[in-house]
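Colleague: File name structure22.tsv; file contents TSV, C-alpha atoms; full text below.
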chain	number	residue	atom	x	y	z
A	1	MET	CA	41.57	96.23	86.72
A	2	PRO	CA	41.06	99.92	85.81
A	3	SER	CA	37.69	101.45	86.60
A	4	ILE	CA	35.29	102.49	83.83
A	5	LYS	CA	33.22	104.63	86.18
A	6	GLY	CA	32.00	107.78	84.46
A	7	GLN	CA	32.81	106.57	80.95
A	8	ASN	CA	30.31	107.00	78.11
A	9	ILE	CA	29.25	104.01	76.03
A	10	LEU	CA	26.82	103.23	73.23
A	11	VAL	CA	25.35	99.75	72.91
A	12	ILE	CA	23.87	99.14	69.47
A	13	GLY	CA	21.32	96.37	69.97
A	14	GLY	CA	21.06	97.20	73.65
A	15	THR	CA	17.35	96.61	74.16
A	16	SER	CA	17.46	92.85	74.67
A	17	GLY	CA	19.67	89.82	75.13
A	18	ILE	CA	23.40	90.32	75.50
A	19	GLY	CA	23.18	94.02	74.63
A	20	PHE	CA	20.69	94.70	77.42
A	21	ALA	CA	22.83	92.68	79.85
A	22	ILE	CA	25.86	94.81	78.92
A	23	ALA	CA	23.89	97.99	79.61
A	24	ASN	CA	22.79	96.58	82.97
A	25	LEU	CA	26.31	95.59	84.02
A	26	ALA	CA	27.75	98.90	82.82
A	27	LEU	CA	25.24	100.85	84.92
A	28	GLN	CA	26.34	98.79	87.92
A	29	GLN	CA	29.84	100.18	87.20
A	30	ASN	CA	28.44	103.76	87.15
A	31	VAL	CA	28.96	104.07	83.40
A	32	ASN	CA	26.86	106.51	81.36
A	33	VAL	CA	24.93	104.31	78.95
A	34	ALA	CA	23.18	104.94	75.64
A	35	ILE	CA	21.33	102.12	73.92
A	36	ALA	CA	20.06	102.01	70.35
A	37	SER	CA	17.69	99.77	68.43
A	38	SER	CA	15.47	99.96	65.38
A	39	ASN	CA	12.26	99.51	67.40
A	40	SER	CA	11.08	102.52	69.38
A	41	THR	CA	8.78	100.43	71.59
A	42	ARG	CA	11.65	98.17	72.64
A	43	VAL	CA	13.90	101.17	73.24
A	44	ASP	CA	11.33	102.82	75.51
A	45	ALA	CA	10.69	99.58	77.42
A	46	ALA	CA	14.40	98.87	77.93
A	47	VAL	CA	15.14	102.41	79.13
A	48	LYS	CA	12.21	102.27	81.54
A	49	THR	CA	13.40	98.95	82.98
A	50	LEU	CA	16.97	100.16	83.39
A	51	LYS	CA	15.89	103.44	84.99
A	52	THR	CA	13.76	101.48	87.45
A	53	SER	CA	16.77	99.37	88.40
A	54	PHE	CA	19.17	102.33	88.43
A	55	PRO	CA	17.20	105.46	89.36
A	56	ASP	CA	20.40	107.47	89.74
A	57	GLY	CA	22.03	106.07	86.60
A	58	LYS	CA	22.44	107.91	83.34
A	59	ILE	CA	20.68	105.99	80.58
A	60	GLU	CA	19.41	107.27	77.24
A	61	GLY	CA	17.66	105.44	74.41
A	62	TYR	CA	17.80	106.11	70.67
A	63	VAL	CA	16.10	104.70	67.61
A	64	CYS	CA	18.37	103.81	64.70
A	65	ASP	CA	17.58	101.42	61.87
A	66	LEU	CA	20.79	100.02	60.39
A	67	GLY	CA	18.76	98.12	57.84
A	68	THR	CA	18.10	101.21	55.75
A	69	SER	CA	19.66	101.78	52.35
A	70	ASP	CA	21.60	104.78	53.69
A	71	VAL	CA	23.10	103.15	56.76
A	72	GLU	CA	25.99	105.65	56.91
A	73	SER	CA	23.63	108.61	57.32
A	74	SER	CA	21.53	106.73	59.88
A	75	LEU	CA	24.56	105.86	61.97
A	76	ASP	CA	26.09	109.32	61.69
A	77	HIS	CA	22.77	110.85	62.80
A	78	LEU	CA	22.65	108.47	65.79
A	79	LEU	CA	26.20	109.27	66.88
A	80	MET	CA	25.67	113.00	66.47
A	81	ASN	CA	22.69	112.75	68.82
A	82	VAL	CA	24.44	110.51	71.35
A	83	THR	CA	27.53	112.75	71.50
A	84	SER	CA	25.70	116.11	71.41
A	85	ASP	CA	26.97	116.94	67.93
A	86	GLY	CA	30.39	115.50	68.63
A	87	THR	CA	31.09	117.59	71.72
A	88	ALA	CA	30.89	114.67	74.19
A	89	LEU	CA	32.84	111.84	72.60
A	90	LEU	CA	32.28	108.22	73.55
A	91	ASP	CA	34.67	105.89	75.34
A	92	HIS	CA	33.22	102.72	73.81
A	93	ILE	CA	30.90	101.64	71.03
A	94	ILE	CA	29.56	98.10	71.34
A	95	SER	CA	27.63	96.32	68.61
A	96	THR	CA	25.47	93.34	69.53
A	97	ALA	CA	22.75	93.90	66.95
A	98	GLY	CA	21.91	90.79	64.99
A	99	ARG	CA	19.22	88.44	63.88
A	100	ALA	CA	18.49	84.77	64.44
A	101	PRO	CA	20.19	82.60	61.78
A	102	ASP	CA	17.95	81.08	59.14
A	103	ALA	CA	20.04	77.98	58.63
A	104	LYS	CA	19.55	76.09	55.38
A	105	PRO	CA	21.75	74.46	52.73
A	106	LEU	CA	23.69	77.00	50.72
A	107	ALA	CA	22.22	75.55	47.52
A	108	GLU	CA	18.76	76.57	48.75
A	109	THR	CA	19.78	80.10	49.76
A	110	SER	CA	18.85	82.86	47.33
A	111	PHE	CA	21.32	85.45	46.14
A	112	GLU	CA	19.13	88.10	47.74
A	113	LYS	CA	19.42	86.32	51.10
A	114	LEU	CA	23.19	86.06	50.73
A	115	ALA	CA	23.48	89.77	49.92
A	116	ASP	CA	21.12	90.87	52.69
A	117	SER	CA	22.79	88.72	55.33
A	118	GLY	CA	26.25	89.80	54.24
A	119	ARG	CA	25.20	93.41	54.47
A	120	ALA	CA	23.83	93.03	58.00
A	121	GLY	CA	26.56	90.76	59.30
A	122	PHE	CA	29.65	92.20	57.64
A	123	THR	CA	29.07	95.48	55.81
A	124	VAL	CA	27.23	97.17	58.68
A	125	PRO	CA	30.03	96.42	61.20
A	126	LEU	CA	32.49	97.94	58.75
A	127	VAL	CA	30.35	101.06	58.53
A	128	ILE	CA	30.10	101.20	62.34
A	129	ALA	CA	33.90	101.27	62.43
A	130	LYS	CA	34.17	103.79	59.60
A	131	ILE	CA	31.73	106.27	61.14
A	132	GLY	CA	32.21	105.39	64.80
A	133	VAL	CA	35.91	106.19	64.98
A	134	ARG	CA	35.08	109.88	64.56
A	135	TYR	CA	32.99	109.80	67.74
A	136	LEU	CA	35.41	107.90	69.98
A	137	LYS	CA	38.06	109.49	72.18
A	138	LYS	CA	41.53	108.95	70.71
A	139	SER	CA	42.89	106.91	73.59
A	140	PRO	CA	43.81	103.32	74.47
A	141	LYS	CA	41.06	103.56	77.06
A	142	SER	CA	38.54	103.75	74.20
A	143	SER	CA	37.36	100.83	72.14
A	144	LEU	CA	35.05	99.37	69.55
A	145	ILE	CA	33.66	95.92	70.41
A	146	PHE	CA	31.87	93.64	67.94
A	147	THR	CA	29.94	90.42	68.48
A	148	GLY	CA	30.79	87.28	66.56
A	149	GLY	CA	30.08	83.64	67.28
A	150	GLN	CA	31.53	80.19	67.77
A	151	VAL	CA	30.67	79.19	64.19
A	152	ALA	CA	33.78	81.08	63.13
A	153	GLU	CA	35.82	78.27	64.66
A	154	LYS	CA	33.48	75.26	64.73
A	155	PRO	CA	31.45	74.44	61.61
A	156	ILE	CA	27.78	73.59	61.99
A	157	ALA	CA	25.78	71.93	59.23
A	158	ASN	CA	24.02	74.45	56.97
A	159	TYR	CA	25.71	77.42	58.67
A	160	THR	CA	28.15	78.24	55.86
A	161	LEU	CA	26.70	81.73	55.39
A	162	TYR	CA	26.94	82.58	59.08
A	163	SER	CA	30.32	80.97	59.72
A	164	THR	CA	31.69	83.01	56.80
A	165	MET	CA	30.52	86.25	58.39
A	166	ALA	CA	31.68	85.26	61.87
A	167	ALA	CA	35.14	84.33	60.62
A	168	GLY	CA	35.31	87.54	58.63
A	169	LEU	CA	34.63	89.56	61.78
A	170	ILE	CA	37.77	88.13	63.36
A	171	GLY	CA	39.93	89.35	60.50
A	172	MET	CA	38.10	92.67	60.42
A	173	THR	CA	38.65	93.23	64.13
A	174	ARG	CA	42.35	92.45	63.98
A	175	ASN	CA	42.95	94.80	61.07
A	176	LEU	CA	40.84	97.55	62.63
A	177	ALA	CA	43.00	97.29	65.75
A	178	LEU	CA	45.95	98.12	63.52
A	179	ASP	CA	44.20	100.90	61.61
A	180	MET	CA	42.38	102.56	64.54
A	181	ALA	CA	45.21	102.66	67.11
A	182	PRO	CA	45.37	104.05	69.72
A	183	ILE	CA	41.63	103.27	69.82
A	184	ARG	CA	41.21	99.55	70.47
A	185	ALA	CA	39.11	97.05	68.50
A	186	ASN	CA	37.96	93.72	69.95
A	187	LEU	CA	35.44	90.95	69.45
A	188	VAL	CA	33.36	88.73	71.72
A	189	ALA	CA	32.41	85.29	70.40
A	190	PRO	CA	29.52	83.74	72.36
A	191	GLY	CA	28.60	80.10	72.18
A	192	PRO	CA	25.06	78.85	72.84
A	193	THR	CA	23.47	81.63	74.89
A	194	LEU	CA	19.92	81.78	76.21
A	195	THR	CA	18.42	85.01	74.85
A	196	GLU	CA	15.25	86.20	73.15
A	197	MET	CA	16.86	85.27	69.82
A	198	TRP	CA	15.97	81.65	70.57
A	199	GLY	CA	12.29	82.53	70.32
A	200	PRO	CA	9.26	82.07	72.58
A	201	ASN	CA	10.27	78.49	73.47
A	202	ARG	CA	13.83	79.46	74.39
A	203	GLU	CA	13.71	77.82	77.83
A	204	GLN	CA	12.86	74.46	76.28
A	205	VAL	CA	15.46	74.98	73.56
A	206	GLY	CA	18.02	75.79	76.24
A	207	GLU	CA	17.24	72.56	78.09
A	208	VAL	CA	17.80	70.49	74.95
A	209	VAL	CA	21.06	72.25	74.11
A	210	ALA	CA	22.28	71.94	77.71
A	211	LYS	CA	21.91	68.16	77.66
A	212	ASN	CA	24.63	67.90	75.00
A	213	ALA	CA	26.82	70.71	76.38
A	214	LEU	CA	30.21	70.00	77.95
A	215	LEU	CA	29.26	71.87	81.13
A	216	GLY	CA	25.66	70.68	81.13
A	217	LYS	CA	24.40	74.22	80.68
A	218	VAL	CA	24.06	77.04	78.19
A	219	GLY	CA	25.43	80.51	78.71
A	220	SER	CA	23.37	83.40	80.02
A	221	ALA	CA	23.35	86.89	78.56
A	222	GLU	CA	24.70	88.18	81.88
A	223	GLU	CA	27.68	85.80	81.78
A	224	VAL	CA	28.60	86.73	78.21
A	225	ALA	CA	28.17	90.43	79.00
A	226	GLU	CA	31.05	90.19	81.47
A	227	ALA	CA	33.41	89.70	78.50
A	228	TYR	CA	32.48	93.13	77.15
A	229	ILE	CA	33.04	94.74	80.55
A	230	TYR	CA	36.49	93.15	80.67
A	231	LEU	CA	37.39	94.41	77.20
A	232	MET	CA	36.31	97.93	78.11
A	233	LYS	CA	38.48	97.85	81.23
A	234	ASP	CA	41.62	96.26	79.81
A	235	SER	CA	43.35	99.04	77.88
A	236	ASN	CA	46.00	96.52	76.81
A	237	ALA	CA	43.54	94.34	74.89
A	238	THR	CA	43.20	95.04	71.18
A	239	GLY	CA	42.74	92.83	68.14
A	240	SER	CA	41.50	90.18	70.56
A	241	CYS	CA	38.66	87.69	70.40
A	242	VAL	CA	37.22	86.68	73.78
A	243	SER	CA	35.15	83.48	73.74
A	244	SER	CA	32.39	82.59	76.18
A	245	ASN	CA	31.21	79.25	74.85
A	246	GLY	CA	31.07	76.73	77.69
A	247	GLY	CA	33.68	74.56	76.02
A	248	SER	CA	31.59	74.04	72.90
A	249	LEU	CA	34.71	74.11	70.72
A	250	LEU	CA	36.22	71.14	72.57
A	251	ARG	CA	33.87	68.51	71.24
Now that the file is in, can you turn its structure into structure tokens?
Modeller:
Amino acid sequence: MPSIKGQNILVIGGTSGIGFAIANLALQQNVNVAIASSNSTRVDAAVKTLKTSFPDGKIEGYVCDLGTSDVESSLDHLLMNVTSDGTALLDHIISTAGRAPDAKPLAETSFEKLADSGRAGFTVPLVIAKIGVRYLKKSPKSSLIFTGGQVAEKPIANYTLYSTMAAGLIGMTRNLALDMAPIRANLVAPGPTLTEMWGPNREQVGEVVAKNALLGKVGSAEEVAEAYIYLMKDSNATGSCVSSNGGSLLR
């Protein structure tokens, strides 16, 4: 597999969970890493932790709130800073930013909730592609990687809103691969994964989920992060969806 040593990546949502695990694995590969999040305290803490683990690694942190009304300007400002005003283009942009699903019957979901969730889960990724392509090297070695979920393929009760967005990301990724070539576009679809998104009782939640899992376990952020490393390395992969779900689609 080709090396990604010395490449430059941006992980949006890189301060915790899968995003932080990607940053950690990338630094192990001697990649130059930038992480971004909306919370400055979390950014500072994540950068400090990563620098402690990799004192010789190149890691930078940035604050960017993609929940603002002018998300295009916010993202363009972030990418200008990360790439030194476009003079040091990126090899990969990875988006793992998300929020814990607030599952409820569609009939009980307000229009405002539908619009807000659709904006965060579908419109913002489109904007990341629209703006991000200008800051990526025009090469098959470069890529844009999104994060979806197993609900795109396996319905879960009261998850209609989220399965709609997850399924939409698959179509978006495939068409972006066509439109962005030679830059690649791919998607990772995690199944049940133990991260901070499961809340303060996530260990107990993980134990309950594991009891009904095919493999008797849930995924870890570090395991899922390997899929992103693979997609960065494989310059022949585009328009692809890589699943890391422990067989959750099988039953």
Colleague: Would you please work out which residue, of A:Gln28, A:Asn236, A:Asn81, A:Ser69, is nearest to Ala181 (chain A) when using all atoms listed in the file?
Modeller: A:Asn236
Colleague: Identify which of the residues A:Ala21, A:Met1, A:Leu27, A:Leu79 lies closest to Thr195 (chain A), counting all atoms listed in the file when measuring atom-to-atom distances.
Modeller: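 Checking each of A:Ala21, A:Met1, A:Leu27, A:Leu79 against Thr195 (chain A), counting all atoms listed in the file, the winner is A:Ala21.
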Colleague: Closest to Met197 (chain A) among A:Gly98, A:Gly6, A:Gly57, A:Gly239, using all atoms listed in the file?
Modeller: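 Nearest candidate to Met197 (chain A) out of A:Gly98, A:Gly6, A:Gly57, A:Gly239: A:Gly98.
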Colleague: With distances taken over only C-alpha atoms, which of A:Arg202, A:Arg251, A:His92, A:Lys154 is nearest to Tyr228 (chain A)?
Modeller: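 Distance minimum relative to Tyr228 (chain A) lands on A:His92.
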Colleague: Might you pull out every residue within 12 Å of region 204-210 of chain A, with all atoms listed in the file counted and same-chain residues fewer than 3 positions away left off, and present them as number ranges by chain?
Modeller: A: 191-201, 213-220, 245-248
Colleague: Within 7 Å of region 141-146 of chain A, counting all atoms listed in the file, which residues show up once you throw out same-chain ones fewer than 5 positions away? Write them as a ChimeraX atom specification, please.
Modeller: /A:91-96,136,183-188,232,235
Colleague: So, counting all atoms listed in the file, which residue among A:Gly118, A:Gly19, A:Gly67, A:Pro55 is closest to Ser163 (chain A)?
Modeller: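 Nearest to Ser163 (chain A): A:Gly118.
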